[in-house]
Each structure stands twice: as C-alpha cells, then as structure tokens.
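Read the structure below first, then the notes.
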Amino acid sequence: MTASTTAGAKIYIGTTTEAANLTAFQADSYTEIKEVEDLGEFGDESSEVEFTSIGDSRKRRYKGTRDAGVLELVCGRDPLDAGQVAALAAEKVKDAYNFKVVVNDAPVGGTPTTYFFRALVMSAKNSFGTVDNIVKVTFSLAINSAILEEVAEEA
C-alpha cells in the first residue's frame, strides 16, 4: 500500500449511543457531513509530567494524560445538508456523538482505512469573508475517546 491524498475522504456523524469498541461503532447509523473542505487533524498526544529529584538534581519526564485533540472541521455551509444539520443540532446539546472518518485509501477490491471516535461538537462558527469567499462553517469536535482504526485491507 502507498501513501494517499485526502481527496475522497469522508466524515460521518452518528448517534449519542455509547460505543467503546469497533463492533459498537460499526453498529451505529451515520450521516455523511458533506461539503467538507478541511478534515483537520486528530490523534493522541501525551501531556508531559515532570519530576525533579533533589538527590541527583535530575529532571525526569513521564507521559501523562492522553488527549486525542480537537478536530476543526471546515465545511462549505449547506443549511440543507443532513450531516451539517445533525452537527448543528449536536452543538446545542451536552452529549458526545459517534464519528466515523473514511479515508480514500482502499486497495483495488479492498476496504479503506476507517477511524471511529466520540466527540462533543463544541462550536459551529460561520465564516463569511469577502465578496469572493464561500460561506463556511467550522465545527470544533472535542474528541473524548480513544481513536479506533480499522486499517485498509486487500481483498
């Protein structure tokens, strides 16, 4: 398998049903969020925990809390798109939703890489810009779970 571009990748919003493993995430129903311009970035990062020993005057570093980040999803605003409507509704409540990102990297006849996670839709900000700009909406997705990955497979 080789590297791939982001072109053709898709993101979907699911329900608030708790999912902690691939089987549970796969069982949820999802709606594609369309007109995506930028899928942002996501992935675990550990906080740094420091300790300085008096005895040897040596600072030690440890891995602390894991944080999957906040995905900034930029879309061309489409008030009639079912996925954007669902994301807007999710911003108005305190519940976490299931999300699915499908990468366009499937080998011929195979399956693509798919990521699953739970996130809170923290904001939905409109951006208007100048006369020649597309009206956009940016959804901030605060990821509150491990990111599960279903790796692309050959047929």
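Within each chain, counting starts at residue 1; across the structure tokens, chains are named A, B, ... in the order shown, with ligands numbered 1 upward in that order.
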
* Mind checking DSSP for segment 79-127 of chain A and telling me the strand (DSSP E or B) residues as a ChimeraX atom specification? -> /A:97-102,111,114-127

* Asked: Could you name the residues that touch Ala82 of chain A at 8 Å or less, counting only C-alpha atoms, but leaving out those on the same chain fewer than 6 positions away, as a PyMOL selection string?
  -> chain A and resi 31-33

* Asked: Looking at A:Thr65, A:Thr138, A:Thr23, A:Asn98, which one is nearest to Ala119 of chain A, with distances taken over only C-alpha atoms?
  ->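 When distances to Ala119 of chain A are compared using only C-alpha atoms, the smallest one comes from A:Asn98.
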
* All residues 10 Å or closer to Ala89 of chain A, only C-alpha atoms, same chain fewer than 4 positions away omitted, as a ChimeraX atom specification -> /A:83-85,93,121,124

For the selection you just gave me, I'd like the residues written to a file as a CSV table (one decimal), in the first residue's frame, keeping N, CA, C and O atoms.
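Output file out-v4.csv follows:
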chain,number,residue,atom,x,y,z
A,83,GLY,N,-26.1,16.0,7.2
A,83,GLY,CA,-24.9,15.9,8.1
A,83,GLY,C,-24.6,17.2,8.8
A,83,GLY,O,-24.3,17.2,10.0
A,84,GLN,N,-24.6,18.3,8.1
A,84,GLN,CA,-24.4,19.6,8.7
A,84,GLN,C,-25.5,20.0,9.7
A,84,GLN,O,-25.3,20.5,10.8
A,85,VAL,N,-26.7,19.6,9.3
A,85,VAL,CA,-27.9,19.9,10.2
A,85,VAL,C,-27.7,19.1,11.5
A,85,VAL,O,-27.9,19.6,12.6
A,93,VAL,N,-26.4,20.6,22.3
A,93,VAL,CA,-26.6,19.7,23.5
A,93,VAL,C,-25.3,19.3,24.1
A,93,VAL,O,-24.2,19.6,23.5
A,121,VAL,N,-19.5,18.3,19.9
A,121,VAL,CA,-19.5,19.4,19.0
A,121,VAL,C,-19.5,20.6,19.8
A,121,VAL,O,-20.5,21.1,20.3
A,124,ALA,N,-20.0,25.8,16.3
A,124,ALA,CA,-20.3,25.8,14.9
A,124,ALA,C,-20.3,27.3,14.5
A,124,ALA,O,-21.2,28.0,14.6

* To do: Write out as number ranges by chain which residues come within 12 Å of Asn104 of chain A when counting only C-alpha atoms, dropping same-chain ones fewer than 3 positions away.
  => A: 2-11, 101, 107-108, 110-115, 151-152

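Counting only C-alpha atoms, Leu71 of chain A has the following residues at most 10 Å away, ignoring those fewer than 6 positions along the same chain: Asp38, Leu39, Gly40, Glu41, Phe42, Gly43, Ala119, Val121, Thr138, Phe139, Ser140, Leu141, Ala142 and Ile143 of chain A.
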
Export of the given selection (N, CA and C atoms) as a PDB file, in the first residue's frame:
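Full text of again-v2.pdb as output:
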ATOM      1  N   ASP A  38     -11.852  20.855   4.808  1.00  0.00           N
ATOM      2  CA  ASP A  38     -10.668  20.525   5.597  1.00  0.00           C
ATOM      3  C   ASP A  38     -11.081  19.619   6.752  1.00  0.00           C
ATOM      4  N   LEU A  39     -10.509  18.406   6.798  1.00  0.00           N
ATOM      5  CA  LEU A  39     -10.804  17.450   7.861  1.00  0.00           C
ATOM      6  C   LEU A  39      -9.995  17.704   9.128  1.00  0.00           C
ATOM      7  N   GLY A  40      -9.113  18.675   9.098  1.00  0.00           N
ATOM      8  CA  GLY A  40      -8.337  18.989  10.293  1.00  0.00           C
ATOM      9  C   GLY A  40      -7.379  17.875  10.655  1.00  0.00           C
ATOM     10  N   GLU A  41      -7.052  17.793  11.930  1.00  0.00           N
ATOM     11  CA  GLU A  41      -6.143  16.755  12.404  1.00  0.00           C
ATOM     12  C   GLU A  41      -6.644  16.194  13.715  1.00  0.00           C
ATOM     13  N   PHE A  42      -6.291  14.941  13.972  1.00  0.00           N
ATOM     14  CA  PHE A  42      -6.647  14.297  15.223  1.00  0.00           C
ATOM     15  C   PHE A  42      -5.648  13.194  15.508  1.00  0.00           C
ATOM     16  N   GLY A  43      -5.519  12.852  16.763  1.00  0.00           N
ATOM     17  CA  GLY A  43      -4.603  11.787  17.166  1.00  0.00           C
ATOM     18  C   GLY A  43      -4.106  12.030  18.575  1.00  0.00           C
ATOM     19  N   ALA A 119     -17.057  12.386  20.153  1.00  0.00           N
ATOM     20  CA  ALA A 119     -16.679  13.791  20.317  1.00  0.00           C
ATOM     21  C   ALA A 119     -17.886  14.644  20.663  1.00  0.00           C
ATOM     22  N   VAL A 121     -19.539  18.274  19.944  1.00  0.00           N
ATOM     23  CA  VAL A 121     -19.489  19.372  18.973  1.00  0.00           C
ATOM     24  C   VAL A 121     -19.509  20.650  19.811  1.00  0.00           C
ATOM     25  N   THR A 138     -17.341  26.135  10.546  1.00  0.00           N
ATOM     26  CA  THR A 138     -16.308  25.310  11.158  1.00  0.00           C
ATOM     27  C   THR A 138     -16.877  24.691  12.426  1.00  0.00           C
ATOM     28  N   PHE A 139     -16.868  23.363  12.457  1.00  0.00           N
ATOM     29  CA  PHE A 139     -17.325  22.612  13.627  1.00  0.00           C
ATOM     30  C   PHE A 139     -16.090  22.196  14.420  1.00  0.00           C
ATOM     31  N   SER A 140     -16.058  22.517  15.713  1.00  0.00           N
ATOM     32  CA  SER A 140     -14.972  22.073  16.584  1.00  0.00           C
ATOM     33  C   SER A 140     -15.424  20.809  17.290  1.00  0.00           C
ATOM     34  N   LEU A 141     -14.755  19.699  16.990  1.00  0.00           N
ATOM     35  CA  LEU A 141     -15.110  18.404  17.561  1.00  0.00           C
ATOM     36  C   LEU A 141     -14.079  18.035  18.626  1.00  0.00           C
ATOM     37  N   ALA A 142     -14.460  18.132  19.903  1.00  0.00           N
ATOM     38  CA  ALA A 142     -13.578  17.791  21.014  1.00  0.00           C
ATOM     39  C   ALA A 142     -13.661  16.283  21.244  1.00  0.00           C
ATOM     40  N   ILE A 143     -12.603  15.588  20.890  1.00  0.00           N
ATOM     41  CA  ILE A 143     -12.599  14.125  20.947  1.00  0.00           C
ATOM     42  C   ILE A 143     -12.423  13.663  22.391  1.00  0.00           C
TER      43      ILE A 143
END

* To do: Work out how far atom CA of Glu72 of chain A is from atom CA of Asp44 of chain A, in Å to one decimal.
  =>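 About the pair atom CA of Asp44 of chain A and atom CA of Glu72 of chain A: they are 15.2 Å apart.
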
* To do: Excluding Arg66 of chain A and any residue of its chain fewer than 2 positions from it, enumerate the residues within 12 Å of it, using only C-alpha atoms, and give them as number ranges by chain.
  => A: 43-49, 62-64, 68-69, 143-147

Dump N, CA, C and O atoms for the selected residues as a PDB file, in the first residue's frame?
ATOM      1  N   GLY A  43      -5.519  12.852  16.763  1.00  0.00           N
ATOM      2  CA  GLY A  43      -4.603  11.787  17.166  1.00  0.00           C
ATOM      3  C   GLY A  43      -4.106  12.030  18.575  1.00  0.00           C
ATOM      4  O   GLY A  43      -4.031  13.170  19.039  1.00  0.00           O
ATOM      5  N   ASP A  44      -3.772  10.960  19.258  1.00  0.00           N
ATOM      6  CA  ASP A  44      -3.365  11.063  20.651  1.00  0.00           C
ATOM      7  C   ASP A  44      -2.039  11.785  20.834  1.00  0.00           C
ATOM      8  O   ASP A  44      -1.113  11.645  20.032  1.00  0.00           O
ATOM      9  N   GLU A  45      -1.997  12.545  21.909  1.00  0.00           N
ATOM     10  CA  GLU A  45      -0.781  13.212  22.351  1.00  0.00           C
ATOM     11  C   GLU A  45      -0.770  13.122  23.875  1.00  0.00           C
ATOM     12  O   GLU A  45      -1.787  13.367  24.524  1.00  0.00           O
ATOM     13  N   SER A  46       0.384  12.776  24.434  1.00  0.00           N
ATOM     14  CA  SER A  46       0.501  12.670  25.883  1.00  0.00           C
ATOM     15  C   SER A  46       0.972  13.984  26.470  1.00  0.00           C
ATOM     16  O   SER A  46       1.829  14.657  25.899  1.00  0.00           O
ATOM     17  N   SER A  47       0.420  14.328  27.619  1.00  0.00           N
ATOM     18  CA  SER A  47       0.936  15.501  28.329  1.00  0.00           C
ATOM     19  C   SER A  47       2.256  15.103  28.986  1.00  0.00           C
ATOM     20  O   SER A  47       2.514  13.931  29.253  1.00  0.00           O
ATOM     21  N   GLU A  48       3.081  16.098  29.227  1.00  0.00           N
ATOM     22  CA  GLU A  48       4.368  15.852  29.874  1.00  0.00           C
ATOM     23  C   GLU A  48       4.217  16.055  31.377  1.00  0.00           C
ATOM     24  O   GLU A  48       3.678  17.068  31.825  1.00  0.00           O
ATOM     25  N   VAL A  49       4.681  15.071  32.146  1.00  0.00           N
ATOM     26  CA  VAL A  49       4.688  15.152  33.593  1.00  0.00           C
ATOM     27  C   VAL A  49       6.146  15.206  34.023  1.00  0.00           C
ATOM     28  O   VAL A  49       6.943  14.355  33.632  1.00  0.00           O
ATOM     29  N   TYR A  62       7.818  12.143  32.254  1.00  0.00           N
ATOM     30  CA  TYR A  62       6.959  10.974  32.112  1.00  0.00           C
ATOM     31  C   TYR A  62       5.789  11.336  31.219  1.00  0.00           C
ATOM     32  O   TYR A  62       5.452  12.500  31.056  1.00  0.00           O
ATOM     33  N   LYS A  63       5.182  10.308  30.676  1.00  0.00           N
ATOM     34  CA  LYS A  63       3.964  10.519  29.898  1.00  0.00           C
ATOM     35  C   LYS A  63       2.785  10.584  30.858  1.00  0.00           C
ATOM     36  O   LYS A  63       2.644   9.756  31.743  1.00  0.00           O
ATOM     37  N   GLY A  64       1.916  11.562  30.615  1.00  0.00           N
ATOM     38  CA  GLY A  64       0.727  11.719  31.451  1.00  0.00           C
ATOM     39  C   GLY A  64      -0.534  11.439  30.662  1.00  0.00           C
ATOM     40  O   GLY A  64      -0.609  10.491  29.876  1.00  0.00           O
ATOM     41  N   ALA A  68      -6.759  13.221  22.510  1.00  0.00           N
ATOM     42  CA  ALA A  68      -6.905  12.994  21.069  1.00  0.00           C
ATOM     43  C   ALA A  68      -7.130  14.288  20.298  1.00  0.00           C
ATOM     44  O   ALA A  68      -7.158  14.283  19.077  1.00  0.00           O
ATOM     45  N   GLY A  69      -7.312  15.388  20.993  1.00  0.00           N
ATOM     46  CA  GLY A  69      -7.361  16.682  20.333  1.00  0.00           C
ATOM     47  C   GLY A  69      -8.757  17.185  19.993  1.00  0.00           C
ATOM     48  O   GLY A  69      -9.773  16.580  20.318  1.00  0.00           O
ATOM     49  N   ILE A 143     -12.603  15.588  20.890  1.00  0.00           N
ATOM     50  CA  ILE A 143     -12.599  14.125  20.947  1.00  0.00           C
ATOM     51  C   ILE A 143     -12.423  13.663  22.391  1.00  0.00           C
ATOM     52  O   ILE A 143     -11.489  14.070  23.073  1.00  0.00           O
ATOM     53  N   ASN A 144     -13.354  12.810  22.831  1.00  0.00           N
ATOM     54  CA  ASN A 144     -13.382  12.352  24.223  1.00  0.00           C
ATOM     55  C   ASN A 144     -13.192  10.846  24.361  1.00  0.00           C
ATOM     56  O   ASN A 144     -13.621  10.266  25.350  1.00  0.00           O
ATOM     57  N   SER A 145     -12.581  10.222  23.386  1.00  0.00           N
ATOM     58  CA  SER A 145     -12.391   8.772  23.455  1.00  0.00           C
ATOM     59  C   SER A 145     -11.078   8.417  22.771  1.00  0.00           C
ATOM     60  O   SER A 145     -10.443   9.266  22.138  1.00  0.00           O
ATOM     61  N   ALA A 146     -10.721   7.161  22.891  1.00  0.00           N
ATOM     62  CA  ALA A 146      -9.621   6.661  22.077  1.00  0.00           C
ATOM     63  C   ALA A 146     -10.084   6.691  20.623  1.00  0.00           C
ATOM     64  O   ALA A 146     -11.284   6.616  20.350  1.00  0.00           O
ATOM     65  N   ILE A 147      -9.147   6.815  19.715  1.00  0.00           N
ATOM     66  CA  ILE A 147      -9.475   6.764  18.284  1.00  0.00           C
ATOM     67  C   ILE A 147      -9.190   5.342  17.828  1.00  0.00           C
ATOM     68  O   ILE A 147      -8.054   4.866  17.916  1.00  0.00           O
TER      69      ILE A 147
END

* Which of segment 40-135 of chain A DSSP labels helix (DSSP H, G or I), written as a VMD selection string -> chain A and resid 82 to 91

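Of the listed residues (A:Ala86, A:Ile54, A:Asp95, A:Gly76), A:Gly76 comes nearest to Phe128 of chain A; the distances count only C-alpha atoms.
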
* Tell me, in Å to one decimal, how far atom CA of Tyr12 of chain A is from atom CA of Glu91 of chain A. => 15.0 Å

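The closest residue to Lys125 of chain A, picked from A:Ala19, A:Leu73, A:Ile13, A:Ala155 and counting only C-alpha atoms, is A:Leu73.
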
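The gap separating atom CA of Tyr30 of chain A from atom CA of Tyr97 of chain A is 10.2 Å, in Å to one decimal.
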
* Structure fact -> Counting only C-alpha atoms, the residue among A:Arg60, A:Glu149, A:Leu120, A:Asp81 that lies closest to Val103 of chain A is A:Glu149

* Skipping near chain neighbours, those fewer than 5 positions away, what residues fall within 8 Å of Glu35 of chain A using only C-alpha atoms, listed as a ChimeraX atom specification? -> /A:75-78

Restricting it to N, CA, C and O atoms, dump the selection as a PDB file, in the first residue's frame.
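Output contents, as saved in again-v6.pdb:
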ATOM      1  N   CYS A  75     -16.360  23.279   6.577  1.00  0.00           N
ATOM      2  CA  CYS A  75     -17.293  22.887   5.519  1.00  0.00           C
ATOM      3  C   CYS A  75     -17.793  24.116   4.768  1.00  0.00           C
ATOM      4  O   CYS A  75     -17.950  25.189   5.363  1.00  0.00           O
ATOM      5  N   GLY A  76     -18.075  23.946   3.485  1.00  0.00           N
ATOM      6  CA  GLY A  76     -18.846  24.942   2.763  1.00  0.00           C
ATOM      7  C   GLY A  76     -20.252  24.872   3.337  1.00  0.00           C
ATOM      8  O   GLY A  76     -20.866  23.801   3.326  1.00  0.00           O
ATOM      9  N   ARG A  77     -20.756  25.973   3.870  1.00  0.00           N
ATOM     10  CA  ARG A  77     -22.040  25.951   4.577  1.00  0.00           C
ATOM     11  C   ARG A  77     -23.178  25.539   3.650  1.00  0.00           C
ATOM     12  O   ARG A  77     -23.391  26.142   2.604  1.00  0.00           O
ATOM     13  N   ASP A  78     -23.882  24.477   4.049  1.00  0.00           N
ATOM     14  CA  ASP A  78     -25.045  23.991   3.305  1.00  0.00           C
ATOM     15  C   ASP A  78     -26.156  23.711   4.317  1.00  0.00           C
ATOM     16  O   ASP A  78     -26.176  22.654   4.948  1.00  0.00           O
TER      17      ASP A  78
END
